[in-house]
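Have a look at the structure below, then the notes.
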Amino acid sequence: MSMSISIQGPESASPHIESHPLSLATLTTFRSEFLAWCRANSAEIAANMLPHPDYETRVVAARSLQRLLFDAGWSRFGWPTWVGGLGGSALHRGIVYEELSRIGWHGPAIFEHLEIIAPTLLEFGDPDFVAERFPRFLDGTQSWVQGFSEPDAGSDLASIRTRGVIDDGCVVITGQKIWTSWAKWGHTCLALVRTGSVEDRHRGLTMVAVDLESPGVDVRPIQQANGTYELAEVFFDEVRAPIDQIIGEINGGWAVAMHLLAHERGTLAWFRHNHFRQRLAQGAEASTPVEDAALGAAIVQLAGLRATAGRQLAVDAAGGSLGPTAAFTKLLMTRLEQQLYDVLLRIHGARMGFGVGNADDQLLHQEYLFSRVVTIYGGSEQMQLMTLANRVLKLGT
Amino acid sequence: MNDYLAFVEVARSILSERPEQAFAELGLGELLSDPDSPEAEFAGYAFLEAQGFSGATTAALSRVALNDPVIQGAINGRGAVPLALPLEDVGPSVWMVFGPPPNEVLVDIPERGLVKATCSLAPDVRSALISDSYAQVVQLDSTGGSVLLPELQMKPLRPAITARIRFGAAAEILGACDRMLEDAVVYTQARSQFGKSIASFQSMRDILAWASTERHQLRELLSCCWSLQPLRSPDVEIAAVAKALAGHCGLRIAQLTLQATGAIAFTAPHGHTGHNRRILALNAVAGSSAELQREIGAAARQSGTVPSLFSLDELATSLGGS
């Protein structure tokens, strides 16, 4: 880092540490300092950014980059000091992600949950528990996953059946989750479990942080259509999680889940759209005049998404609620992702369509296939449309 | 931004009751003529958005486009003469004017400059496009006319004029989109089929939710533009993207709301028809969505870059963040 930053290790995280001065400087200054650090450390950064279609290698690189950013302080900006952060807001994280994307970063891989789960932990978690676990999330040592969907509860999240029974200072969990992203490499699962009756629907749910190394946990990766093992089934057989690992209130898990999903549907789009822009620029370089109209159409949609996601990130940073309008962002983000990869497929042809060629071609192939499913994860497109019809347009039922 | 939206609300109210007086009643004439007024274009775009919503007709787009101290000085006393915009797709000497049929127009002719000329309705397209006097297609009576601002002075002003037309048209399209969506929601809640409101059918709700999503992204992008754009020297590149998105969203929302409202919206007197035609006219001038997208794509291909348009730093500052 070009300026002198006194880095506090995670062991020193406490409410008494003051925010780093750079978190209080203007965002423009913050960006300049980060860029200066990137230039000074370009070789080490680049080594952790090489395209890896192999997910094992990719996860190792993601952890290594996260550690590098943590040691230099940059991954700690945007998080409060009591969990090992250096202060600042989501805007600081937004700038770090944007600049990393500009120099070729393909995304956070297992650490995408930092933007989805971490804000929810801060909002609802037991402070002592969060202060103890959060720094290891930030420094790349550990990663979190979310366990919501079940074989018989997809869009109808309120019908989940995985049981959680309060017993002797623990929640005892039995059941099955599915489509759990990055579970193969995860350490802690934020699981939504039923502590009330089935009839209670969403009022009988509780969110629990479950250690995936606990006895009774069985993670079974699922090979996806793009060949990767990003998703998994997670089975719980009388798994015990200490009661202080309940996130939010007992039977208050629905509000926690909605808070988390709003981030998955809303602010995550800022981080994703930076990667889209890099892919579009890369495609533009390889395109011909025949593709100008399609390329331009995607760029125009990217501008709409950038404005929508950027304003949502700013609202979040100012402490505002994301609410149902996050559904707009999710719809725009996923529609653009499919449009973008359609254009790229036309430009790159068989190299991308079959994943033949270099590592980046293989990655593009994976990303193309993944873009086909983005309208399903994090609340399907149909659910987003229902949310808007009910809660924004107020069309009634 | 709150000031902007408040102005839109006031303008909507006045335009719905006294469209002929609205421009003067809001003091826009003086505001746009005042070179020291930083609110001028801000208010102009807000007025245009309200005009799109209300379906009123004024020469506001022309006034916003020419909002430049040099031009104002040159056309002094001729502020009521509207600016005509080229319709190159139709023909080399065919122009579009927003407002009632004029006898004279201002035209920007490359190599000559800003010219005042007499005109008449173009006979071949007189009845083809417009039925509500919102816009007119005209042709100049001769190749003459008087030069108000010579090419040397006009040339450096052109990018900003184009940008203001594009931003203004985008704002007006957004207003029309708001109105079409609002009308369609009301209609589908009131209309019953199979014994229940058609708004209760999932297919109908999906149509309206998509229309709402398009409208949302246009609102968000224009909000960024109003917050971040220097009023007197707007960015041509951002204006092109905004106009391209506006055209896309306008045409798509017109189609979706027509689908939701049914055949009644395809009748000539129905409000949807006027809004749809207005969007078609606004999309046609200063670069259609299709033309601009092609240009934006070509620029990206040639440069190998994709514009970011505005930074997160700027955005946060404009919203009152750090």
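The way I read the labels, and the way they are meant: chains A, B, ... in the order of the structure tokens, residue 1 as the first residue of every chain, and ligand 1 as the first ligand shown, with later ones counted on from there.
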
Open item on the list: I want to know what sits within 8 Å of Pro69 in chain B, based on only C-alpha atoms, with residues of the same chain fewer than 2 positions away left out; could you give that as a list of chain:residue names?
Closed with: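 Skipping anything fewer than 2 positions along the chain leaves B:Ser33, B:Asp34, B:Pro35, B:Asn67, B:Ile71, B:Gln72, B:Gly73.
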
Apply DSSP to the backbone of this structure and, from range 67-267 of chain A, keep only the residues in strand (DSSP E); write these as a PDB file with N, CA and C atoms, in the first residue's frame.
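Now in selection_18.pdb:
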```pdb
ATOM      1  N   TRP A 144     -18.236 -19.252   4.147  1.00  0.00           N
ATOM      2  CA  TRP A 144     -19.598 -19.585   4.572  1.00  0.00           C
ATOM      3  C   TRP A 144     -20.451 -19.918   3.354  1.00  0.00           C
ATOM      4  N   VAL A 145     -21.464 -20.731   3.616  1.00  0.00           N
ATOM      5  CA  VAL A 145     -22.429 -21.045   2.559  1.00  0.00           C
ATOM      6  C   VAL A 145     -23.839 -20.887   3.127  1.00  0.00           C
ATOM      7  N   GLN A 146     -24.823 -20.855   2.245  1.00  0.00           N
ATOM      8  CA  GLN A 146     -26.194 -20.707   2.717  1.00  0.00           C
ATOM      9  C   GLN A 146     -27.007 -21.945   2.381  1.00  0.00           C
ATOM     10  N   GLY A 147     -27.689 -22.475   3.381  1.00  0.00           N
ATOM     11  CA  GLY A 147     -28.501 -23.665   3.190  1.00  0.00           C
ATOM     12  C   GLY A 147     -29.976 -23.318   3.309  1.00  0.00           C
ATOM     13  N   ARG A 163     -35.559 -30.070  10.346  1.00  0.00           N
ATOM     14  CA  ARG A 163     -36.006 -29.777  11.706  1.00  0.00           C
ATOM     15  C   ARG A 163     -34.869 -29.193  12.544  1.00  0.00           C
ATOM     16  N   GLY A 164     -35.231 -28.262  13.421  1.00  0.00           N
ATOM     17  CA  GLY A 164     -34.300 -27.756  14.412  1.00  0.00           C
ATOM     18  C   GLY A 164     -34.971 -27.841  15.780  1.00  0.00           C
ATOM     19  N   VAL A 165     -34.387 -28.634  16.689  1.00  0.00           N
ATOM     20  CA  VAL A 165     -34.990 -28.823  18.014  1.00  0.00           C
ATOM     21  C   VAL A 165     -34.040 -28.244  19.057  1.00  0.00           C
ATOM     22  N   ILE A 166     -34.560 -27.372  19.903  1.00  0.00           N
ATOM     23  CA  ILE A 166     -33.732 -26.780  20.961  1.00  0.00           C
ATOM     24  C   ILE A 166     -33.547 -27.816  22.057  1.00  0.00           C
ATOM     25  N   ASP A 167     -32.277 -28.126  22.379  1.00  0.00           N
ATOM     26  CA  ASP A 167     -32.015 -29.174  23.362  1.00  0.00           C
ATOM     27  C   ASP A 167     -30.690 -28.900  24.066  1.00  0.00           C
ATOM     28  N   CYS A 170     -28.324 -26.284  22.658  1.00  0.00           N
ATOM     29  CA  CYS A 170     -27.993 -26.469  21.234  1.00  0.00           C
ATOM     30  C   CYS A 170     -29.267 -26.494  20.390  1.00  0.00           C
ATOM     31  N   VAL A 171     -29.070 -26.300  19.091  1.00  0.00           N
ATOM     32  CA  VAL A 171     -30.132 -26.609  18.140  1.00  0.00           C
ATOM     33  C   VAL A 171     -29.720 -27.925  17.488  1.00  0.00           C
ATOM     34  N   VAL A 172     -30.594 -28.907  17.549  1.00  0.00           N
ATOM     35  CA  VAL A 172     -30.281 -30.212  16.962  1.00  0.00           C
ATOM     36  C   VAL A 172     -30.997 -30.294  15.615  1.00  0.00           C
ATOM     37  N   ILE A 173     -30.191 -30.451  14.565  1.00  0.00           N
ATOM     38  CA  ILE A 173     -30.723 -30.295  13.203  1.00  0.00           C
ATOM     39  C   ILE A 173     -30.708 -31.627  12.460  1.00  0.00           C
ATOM     40  N   THR A 174     -31.856 -31.911  11.826  1.00  0.00           N
ATOM     41  CA  THR A 174     -31.971 -33.130  11.033  1.00  0.00           C
ATOM     42  C   THR A 174     -32.744 -32.811   9.754  1.00  0.00           C
ATOM     43  N   GLY A 175     -32.157 -33.173   8.636  1.00  0.00           N
ATOM     44  CA  GLY A 175     -32.847 -32.911   7.368  1.00  0.00           C
ATOM     45  C   GLY A 175     -31.849 -32.791   6.231  1.00  0.00           C
ATOM     46  N   GLN A 176     -32.310 -32.208   5.135  1.00  0.00           N
ATOM     47  CA  GLN A 176     -31.472 -32.127   3.937  1.00  0.00           C
ATOM     48  C   GLN A 176     -31.641 -30.784   3.233  1.00  0.00           C
ATOM     49  N   LYS A 177     -30.522 -30.222   2.853  1.00  0.00           N
ATOM     50  CA  LYS A 177     -30.514 -29.028   1.994  1.00  0.00           C
ATOM     51  C   LYS A 177     -29.977 -29.426   0.616  1.00  0.00           C
ATOM     52  N   THR A 188     -18.791 -23.096   7.242  1.00  0.00           N
ATOM     53  CA  THR A 188     -19.979 -22.848   8.057  1.00  0.00           C
ATOM     54  C   THR A 188     -21.172 -22.665   7.133  1.00  0.00           C
ATOM     55  N   CYS A 189     -22.278 -23.302   7.503  1.00  0.00           N
ATOM     56  CA  CYS A 189     -23.497 -23.192   6.691  1.00  0.00           C
ATOM     57  C   CYS A 189     -24.551 -22.406   7.462  1.00  0.00           C
ATOM     58  N   LEU A 190     -25.065 -21.387   6.823  1.00  0.00           N
ATOM     59  CA  LEU A 190     -26.168 -20.637   7.415  1.00  0.00           C
ATOM     60  C   LEU A 190     -27.441 -21.354   6.984  1.00  0.00           C
ATOM     61  N   ALA A 191     -27.977 -22.133   7.904  1.00  0.00           N
ATOM     62  CA  ALA A 191     -29.091 -23.014   7.532  1.00  0.00           C
ATOM     63  C   ALA A 191     -30.411 -22.507   8.100  1.00  0.00           C
ATOM     64  N   LEU A 192     -31.412 -22.524   7.255  1.00  0.00           N
ATOM     65  CA  LEU A 192     -32.768 -22.157   7.675  1.00  0.00           C
ATOM     66  C   LEU A 192     -33.478 -23.448   8.061  1.00  0.00           C
ATOM     67  N   VAL A 193     -33.902 -23.530   9.328  1.00  0.00           N
ATOM     68  CA  VAL A 193     -34.498 -24.788   9.813  1.00  0.00           C
ATOM     69  C   VAL A 193     -35.863 -24.519  10.439  1.00  0.00           C
ATOM     70  N   ARG A 194     -36.651 -25.576  10.512  1.00  0.00           N
ATOM     71  CA  ARG A 194     -37.993 -25.429  11.070  1.00  0.00           C
ATOM     72  C   ARG A 194     -37.964 -25.732  12.565  1.00  0.00           C
ATOM     73  N   LEU A 205     -39.650 -20.632  11.515  1.00  0.00           N
ATOM     74  CA  LEU A 205     -38.312 -20.902  10.982  1.00  0.00           C
ATOM     75  C   LEU A 205     -37.235 -20.174  11.790  1.00  0.00           C
ATOM     76  N   THR A 206     -36.057 -20.796  11.853  1.00  0.00           N
ATOM     77  CA  THR A 206     -34.935 -20.196  12.585  1.00  0.00           C
ATOM     78  C   THR A 206     -33.667 -20.350  11.736  1.00  0.00           C
ATOM     79  N   MET A 207     -32.834 -19.322  11.778  1.00  0.00           N
ATOM     80  CA  MET A 207     -31.575 -19.364  11.029  1.00  0.00           C
ATOM     81  C   MET A 207     -30.455 -19.767  11.999  1.00  0.00           C
ATOM     82  N   VAL A 208     -29.671 -20.747  11.600  1.00  0.00           N
ATOM     83  CA  VAL A 208     -28.602 -21.260  12.466  1.00  0.00           C
ATOM     84  C   VAL A 208     -27.303 -21.376  11.671  1.00  0.00           C
ATOM     85  N   ALA A 209     -26.214 -20.976  12.302  1.00  0.00           N
ATOM     86  CA  ALA A 209     -24.891 -21.173  11.694  1.00  0.00           C
ATOM     87  C   ALA A 209     -24.379 -22.544  12.129  1.00  0.00           C
ATOM     88  N   VAL A 210     -24.202 -23.423  11.163  1.00  0.00           N
ATOM     89  CA  VAL A 210     -23.810 -24.802  11.461  1.00  0.00           C
ATOM     90  C   VAL A 210     -22.404 -25.055  10.944  1.00  0.00           C
ATOM     91  N   ASP A 211     -21.542 -25.547  11.812  1.00  0.00           N
ATOM     92  CA  ASP A 211     -20.183 -25.884  11.374  1.00  0.00           C
ATOM     93  C   ASP A 211     -20.235 -27.143  10.518  1.00  0.00           C
ATOM     94  N   VAL A 217     -22.820 -34.133   9.726  1.00  0.00           N
ATOM     95  CA  VAL A 217     -22.954 -33.365   8.480  1.00  0.00           C
ATOM     96  C   VAL A 217     -22.330 -34.166   7.338  1.00  0.00           C
ATOM     97  N   ASP A 218     -23.058 -34.269   6.245  1.00  0.00           N
ATOM     98  CA  ASP A 218     -22.547 -34.983   5.069  1.00  0.00           C
ATOM     99  C   ASP A 218     -22.763 -34.093   3.840  1.00  0.00           C
ATOM    100  N   VAL A 219     -21.656 -33.605   3.283  1.00  0.00           N
ATOM    101  CA  VAL A 219     -21.740 -32.747   2.091  1.00  0.00           C
ATOM    102  C   VAL A 219     -21.491 -33.609   0.858  1.00  0.00           C
ATOM    103  N   ARG A 220     -22.441 -33.622  -0.060  1.00  0.00           N
ATOM    104  CA  ARG A 220     -22.301 -34.430  -1.272  1.00  0.00           C
ATOM    105  C   ARG A 220     -22.379 -33.514  -2.497  1.00  0.00           C
ATOM    106  N   PRO A 221     -21.220 -33.192  -3.071  1.00  0.00           N
ATOM    107  CA  PRO A 221     -21.209 -32.292  -4.240  1.00  0.00           C
ATOM    108  C   PRO A 221     -22.034 -32.850  -5.397  1.00  0.00           C
ATOM    109  N   ILE A 222     -22.627 -31.930  -6.155  1.00  0.00           N
ATOM    110  CA  ILE A 222     -23.428 -32.288  -7.335  1.00  0.00           C
ATOM    111  C   ILE A 222     -22.670 -31.801  -8.566  1.00  0.00           C
ATOM    112  N   LEU A 231     -22.257 -26.689  -6.681  1.00  0.00           N
ATOM    113  CA  LEU A 231     -23.427 -26.963  -5.846  1.00  0.00           C
ATOM    114  C   LEU A 231     -23.257 -28.274  -5.092  1.00  0.00           C
ATOM    115  N   ALA A 232     -24.059 -28.413  -4.035  1.00  0.00           N
ATOM    116  CA  ALA A 232     -23.982 -29.654  -3.263  1.00  0.00           C
ATOM    117  C   ALA A 232     -25.292 -29.901  -2.527  1.00  0.00           C
ATOM    118  N   GLU A 233     -25.472 -31.170  -2.146  1.00  0.00           N
ATOM    119  CA  GLU A 233     -26.504 -31.513  -1.170  1.00  0.00           C
ATOM    120  C   GLU A 233     -25.816 -31.515   0.191  1.00  0.00           C
ATOM    121  N   VAL A 234     -26.518 -31.091   1.217  1.00  0.00           N
ATOM    122  CA  VAL A 234     -25.961 -31.132   2.568  1.00  0.00           C
ATOM    123  C   VAL A 234     -26.972 -31.844   3.459  1.00  0.00           C
ATOM    124  N   PHE A 235     -26.534 -32.953   4.025  1.00  0.00           N
ATOM    125  CA  PHE A 235     -27.412 -33.743   4.907  1.00  0.00           C
ATOM    126  C   PHE A 235     -27.035 -33.478   6.364  1.00  0.00           C
ATOM    127  N   PHE A 236     -28.052 -33.342   7.201  1.00  0.00           N
ATOM    128  CA  PHE A 236     -27.840 -33.119   8.639  1.00  0.00           C
ATOM    129  C   PHE A 236     -28.514 -34.265   9.394  1.00  0.00           C
ATOM    130  N   ASP A 237     -27.734 -34.978  10.209  1.00  0.00           N
ATOM    131  CA  ASP A 237     -28.283 -36.077  11.000  1.00  0.00           C
ATOM    132  C   ASP A 237     -28.009 -35.788  12.477  1.00  0.00           C
ATOM    133  N   GLU A 238     -28.991 -35.186  13.116  1.00  0.00           N
ATOM    134  CA  GLU A 238     -28.882 -34.799  14.531  1.00  0.00           C
ATOM    135  C   GLU A 238     -27.594 -34.006  14.793  1.00  0.00           C
ATOM    136  N   VAL A 239     -27.396 -33.013  13.976  1.00  0.00           N
ATOM    137  CA  VAL A 239     -26.210 -32.153  14.093  1.00  0.00           C
ATOM    138  C   VAL A 239     -26.472 -31.110  15.181  1.00  0.00           C
ATOM    139  N   ARG A 240     -25.522 -30.926  16.073  1.00  0.00           N
ATOM    140  CA  ARG A 240     -25.723 -29.997  17.189  1.00  0.00           C
ATOM    141  C   ARG A 240     -24.968 -28.686  16.910  1.00  0.00           C
ATOM    142  N   ALA A 241     -25.717 -27.583  16.977  1.00  0.00           N
ATOM    143  CA  ALA A 241     -25.113 -26.250  16.829  1.00  0.00           C
ATOM    144  C   ALA A 241     -25.402 -25.468  18.108  1.00  0.00           C
ATOM    145  N   PRO A 242     -24.378 -24.898  18.744  1.00  0.00           N
ATOM    146  CA  PRO A 242     -24.615 -24.136  19.985  1.00  0.00           C
ATOM    147  C   PRO A 242     -25.671 -23.052  19.771  1.00  0.00           C
ATOM    148  N   ILE A 246     -27.419 -19.257  16.736  1.00  0.00           N
ATOM    149  CA  ILE A 246     -28.682 -18.865  16.102  1.00  0.00           C
ATOM    150  C   ILE A 246     -28.522 -17.419  15.634  1.00  0.00           C
ATOM    151  N   ILE A 247     -28.867 -17.179  14.386  1.00  0.00           N
ATOM    152  CA  ILE A 247     -28.743 -15.834  13.804  1.00  0.00           C
ATOM    153  C   ILE A 247     -30.137 -15.205  13.798  1.00  0.00           C
TER     154      ILE A 247
END
```

TODO: Compute the set of chain B residues within 7 Å of chain A, using only C-alpha atoms, and express it as a list in words.
DONE: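 Close to chain A, chain B has Ala199, Ser200, Arg205, Asp206, Ala209, Thr213, Gln217, Leu218, Glu220, Leu221, Cys224, Val241, Ala244, Leu245, Gln293, Arg294, Ile296, Gly297, Ala298, Ala300, Arg301, Gly304, Thr305, Val306, Leu312, Asp313, Ala316, Gly321 and Ser322 of chain B.
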
Task: Two-atom distance - CA of Ala260 in chain B, CA of Gly175 in chain B (Å) - done: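 According to the coordinates, CA of Ala260 in chain B and CA of Gly175 in chain B are separated by 18.7 Å.
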
Open item on the list: Here is a test: counting only C-alpha atoms, which residue of B:Leu106, B:Ser311, B:Arg63, B:Gly55 is nearest to Asn276 in chain B?
Closed with: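 Under the stated criterion, the closest residue is B:Gly55.
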
Using only C-alpha atoms, which protein or nucleic acid residues come within 9 Å of range 47-51 of chain B? Drop anything in the same chain fewer than 2 positions from it, and give the result as a PDB file with N, CA and C atoms, in the first residue's frame.
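Below you can see out-v8.pdb, which holds the result:
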```
ATOM      1  N   PHE B   7     -40.528  18.843  -8.822  1.00  0.00           N
ATOM      2  CA  PHE B   7     -40.842  19.679  -9.982  1.00  0.00           C
ATOM      3  C   PHE B   7     -41.702  18.895 -10.977  1.00  0.00           C
ATOM      4  N   VAL B   8     -41.370  17.612 -11.158  1.00  0.00           N
ATOM      5  CA  VAL B   8     -42.164  16.774 -12.063  1.00  0.00           C
ATOM      6  C   VAL B   8     -43.620  16.743 -11.600  1.00  0.00           C
ATOM      7  N   GLU B   9     -43.805  16.573 -10.301  1.00  0.00           N
ATOM      8  CA  GLU B   9     -45.168  16.491  -9.762  1.00  0.00           C
ATOM      9  C   GLU B   9     -45.946  17.777 -10.022  1.00  0.00           C
ATOM     10  N   VAL B  10     -45.303  18.904  -9.755  1.00  0.00           N
ATOM     11  CA  VAL B  10     -45.969  20.196  -9.961  1.00  0.00           C
ATOM     12  C   VAL B  10     -46.293  20.378 -11.446  1.00  0.00           C
ATOM     13  N   ALA B  11     -45.328  20.065 -12.281  1.00  0.00           N
ATOM     14  CA  ALA B  11     -45.530  20.239 -13.724  1.00  0.00           C
ATOM     15  C   ALA B  11     -46.625  19.323 -14.248  1.00  0.00           C
ATOM     16  N   ARG B  12     -46.664  18.081 -13.732  1.00  0.00           N
ATOM     17  CA  ARG B  12     -47.729  17.148 -14.137  1.00  0.00           C
ATOM     18  C   ARG B  12     -49.097  17.748 -13.831  1.00  0.00           C
ATOM     19  N   SER B  13     -49.197  18.294 -12.646  1.00  0.00           N
ATOM     20  CA  SER B  13     -50.474  18.847 -12.195  1.00  0.00           C
ATOM     21  C   SER B  13     -50.919  19.993 -13.103  1.00  0.00           C
ATOM     22  N   LEU B  15     -49.787  20.750 -16.159  1.00  0.00           N
ATOM     23  CA  LEU B  15     -49.951  20.309 -17.551  1.00  0.00           C
ATOM     24  C   LEU B  15     -51.280  19.585 -17.759  1.00  0.00           C
ATOM     25  N   SER B  16     -51.755  18.881 -16.735  1.00  0.00           N
ATOM     26  CA  SER B  16     -53.010  18.152 -16.903  1.00  0.00           C
ATOM     27  C   SER B  16     -54.208  19.092 -16.933  1.00  0.00           C
ATOM     28  N   PRO B  19     -52.438  22.911 -20.054  1.00  0.00           N
ATOM     29  CA  PRO B  19     -51.201  22.609 -20.782  1.00  0.00           C
ATOM     30  C   PRO B  19     -50.641  23.813 -21.535  1.00  0.00           C
ATOM     31  N   PHE B  23     -45.936  26.021 -19.404  1.00  0.00           N
ATOM     32  CA  PHE B  23     -44.548  26.430 -19.630  1.00  0.00           C
ATOM     33  C   PHE B  23     -44.299  27.807 -19.006  1.00  0.00           C
ATOM     34  N   LEU B  28     -40.602  28.649 -16.962  1.00  0.00           N
ATOM     35  CA  LEU B  28     -39.521  27.964 -17.672  1.00  0.00           C
ATOM     36  C   LEU B  28     -38.910  28.833 -18.762  1.00  0.00           C
ATOM     37  N   PHE B  42     -32.149  21.161 -15.652  1.00  0.00           N
ATOM     38  CA  PHE B  42     -32.745  20.291 -14.644  1.00  0.00           C
ATOM     39  C   PHE B  42     -34.260  20.439 -14.693  1.00  0.00           C
ATOM     40  N   ALA B  43     -34.717  21.666 -14.649  1.00  0.00           N
ATOM     41  CA  ALA B  43     -36.154  21.926 -14.690  1.00  0.00           C
ATOM     42  C   ALA B  43     -36.728  21.567 -16.059  1.00  0.00           C
ATOM     43  N   GLY B  44     -35.935  21.794 -17.099  1.00  0.00           N
ATOM     44  CA  GLY B  44     -36.398  21.458 -18.443  1.00  0.00           C
ATOM     45  C   GLY B  44     -36.657  19.967 -18.596  1.00  0.00           C
ATOM     46  N   TYR B  45     -35.736  19.135 -18.097  1.00  0.00           N
ATOM     47  CA  TYR B  45     -35.930  17.688 -18.186  1.00  0.00           C
ATOM     48  C   TYR B  45     -37.130  17.255 -17.341  1.00  0.00           C
ATOM     49  N   PHE B  53     -45.808  12.296 -19.418  1.00  0.00           N
ATOM     50  CA  PHE B  53     -46.836  11.650 -18.600  1.00  0.00           C
ATOM     51  C   PHE B  53     -48.218  12.195 -18.936  1.00  0.00           C
ATOM     52  N   SER B  54     -48.301  13.518 -19.049  1.00  0.00           N
ATOM     53  CA  SER B  54     -49.616  14.143 -19.223  1.00  0.00           C
ATOM     54  C   SER B  54     -50.121  14.064 -20.655  1.00  0.00           C
ATOM     55  N   GLY B  55     -49.236  13.844 -21.597  1.00  0.00           N
ATOM     56  CA  GLY B  55     -49.644  13.811 -23.001  1.00  0.00           C
ATOM     57  C   GLY B  55     -49.813  15.192 -23.602  1.00  0.00           C
ATOM     58  N   ALA B  56     -49.313  16.207 -22.916  1.00  0.00           N
ATOM     59  CA  ALA B  56     -49.455  17.579 -23.423  1.00  0.00           C
ATOM     60  C   ALA B  56     -48.434  17.842 -24.528  1.00  0.00           C
ATOM     61  N   THR B  57     -48.633  18.947 -25.211  1.00  0.00           N
ATOM     62  CA  THR B  57     -47.737  19.322 -26.304  1.00  0.00           C
ATOM     63  C   THR B  57     -47.227  20.735 -26.089  1.00  0.00           C
ATOM     64  N   THR B  58     -45.929  20.894 -26.017  1.00  0.00           N
ATOM     65  CA  THR B  58     -45.312  22.221 -25.944  1.00  0.00           C
ATOM     66  C   THR B  58     -44.019  22.166 -26.750  1.00  0.00           C
ATOM     67  N   ALA B  60     -41.156  22.540 -25.460  1.00  0.00           N
ATOM     68  CA  ALA B  60     -40.136  22.477 -24.411  1.00  0.00           C
ATOM     69  C   ALA B  60     -38.848  21.808 -24.882  1.00  0.00           C
ATOM     70  N   LEU B  61     -38.953  20.743 -25.675  1.00  0.00           N
ATOM     71  CA  LEU B  61     -37.742  20.037 -26.102  1.00  0.00           C
ATOM     72  C   LEU B  61     -36.844  20.971 -26.914  1.00  0.00           C
ATOM     73  N   GLY B 168     -33.400  15.149 -23.104  1.00  0.00           N
ATOM     74  CA  GLY B 168     -34.779  15.631 -23.038  1.00  0.00           C
ATOM     75  C   GLY B 168     -35.763  14.603 -23.580  1.00  0.00           C
ATOM     76  N   ALA B 169     -35.407  13.997 -24.703  1.00  0.00           N
ATOM     77  CA  ALA B 169     -36.286  12.967 -25.286  1.00  0.00           C
ATOM     78  C   ALA B 169     -36.391  11.776 -24.344  1.00  0.00           C
ATOM     79  N   ALA B 170     -35.274  11.414 -23.717  1.00  0.00           N
ATOM     80  CA  ALA B 170     -35.290  10.284 -22.784  1.00  0.00           C
ATOM     81  C   ALA B 170     -36.211  10.589 -21.605  1.00  0.00           C
ATOM     82  N   ALA B 171     -36.141  11.824 -21.092  1.00  0.00           N
ATOM     83  CA  ALA B 171     -36.999  12.208 -19.963  1.00  0.00           C
ATOM     84  C   ALA B 171     -38.474  12.131 -20.364  1.00  0.00           C
ATOM     85  N   GLU B 172     -38.774  12.601 -21.561  1.00  0.00           N
ATOM     86  CA  GLU B 172     -40.175  12.593 -21.995  1.00  0.00           C
ATOM     87  C   GLU B 172     -40.667  11.157 -22.217  1.00  0.00           C
ATOM     88  N   ILE B 173     -39.791  10.314 -22.749  1.00  0.00           N
ATOM     89  CA  ILE B 173     -40.158   8.900 -22.920  1.00  0.00           C
ATOM     90  C   ILE B 173     -40.438   8.267 -21.559  1.00  0.00           C
ATOM     91  N   LEU B 174     -39.611   8.581 -20.567  1.00  0.00           N
ATOM     92  CA  LEU B 174     -39.842   8.032 -19.226  1.00  0.00           C
ATOM     93  C   LEU B 174     -41.222   8.443 -18.713  1.00  0.00           C
ATOM     94  N   GLY B 175     -41.587   9.710 -18.923  1.00  0.00           N
ATOM     95  CA  GLY B 175     -42.906  10.161 -18.486  1.00  0.00           C
ATOM     96  C   GLY B 175     -44.018   9.390 -19.170  1.00  0.00           C
ATOM     97  N   ALA B 176     -43.875   9.169 -20.470  1.00  0.00           N
ATOM     98  CA  ALA B 176     -44.893   8.409 -21.211  1.00  0.00           C
ATOM     99  C   ALA B 176     -44.954   6.969 -20.711  1.00  0.00           C
TER     100      ALA B 176
END
```
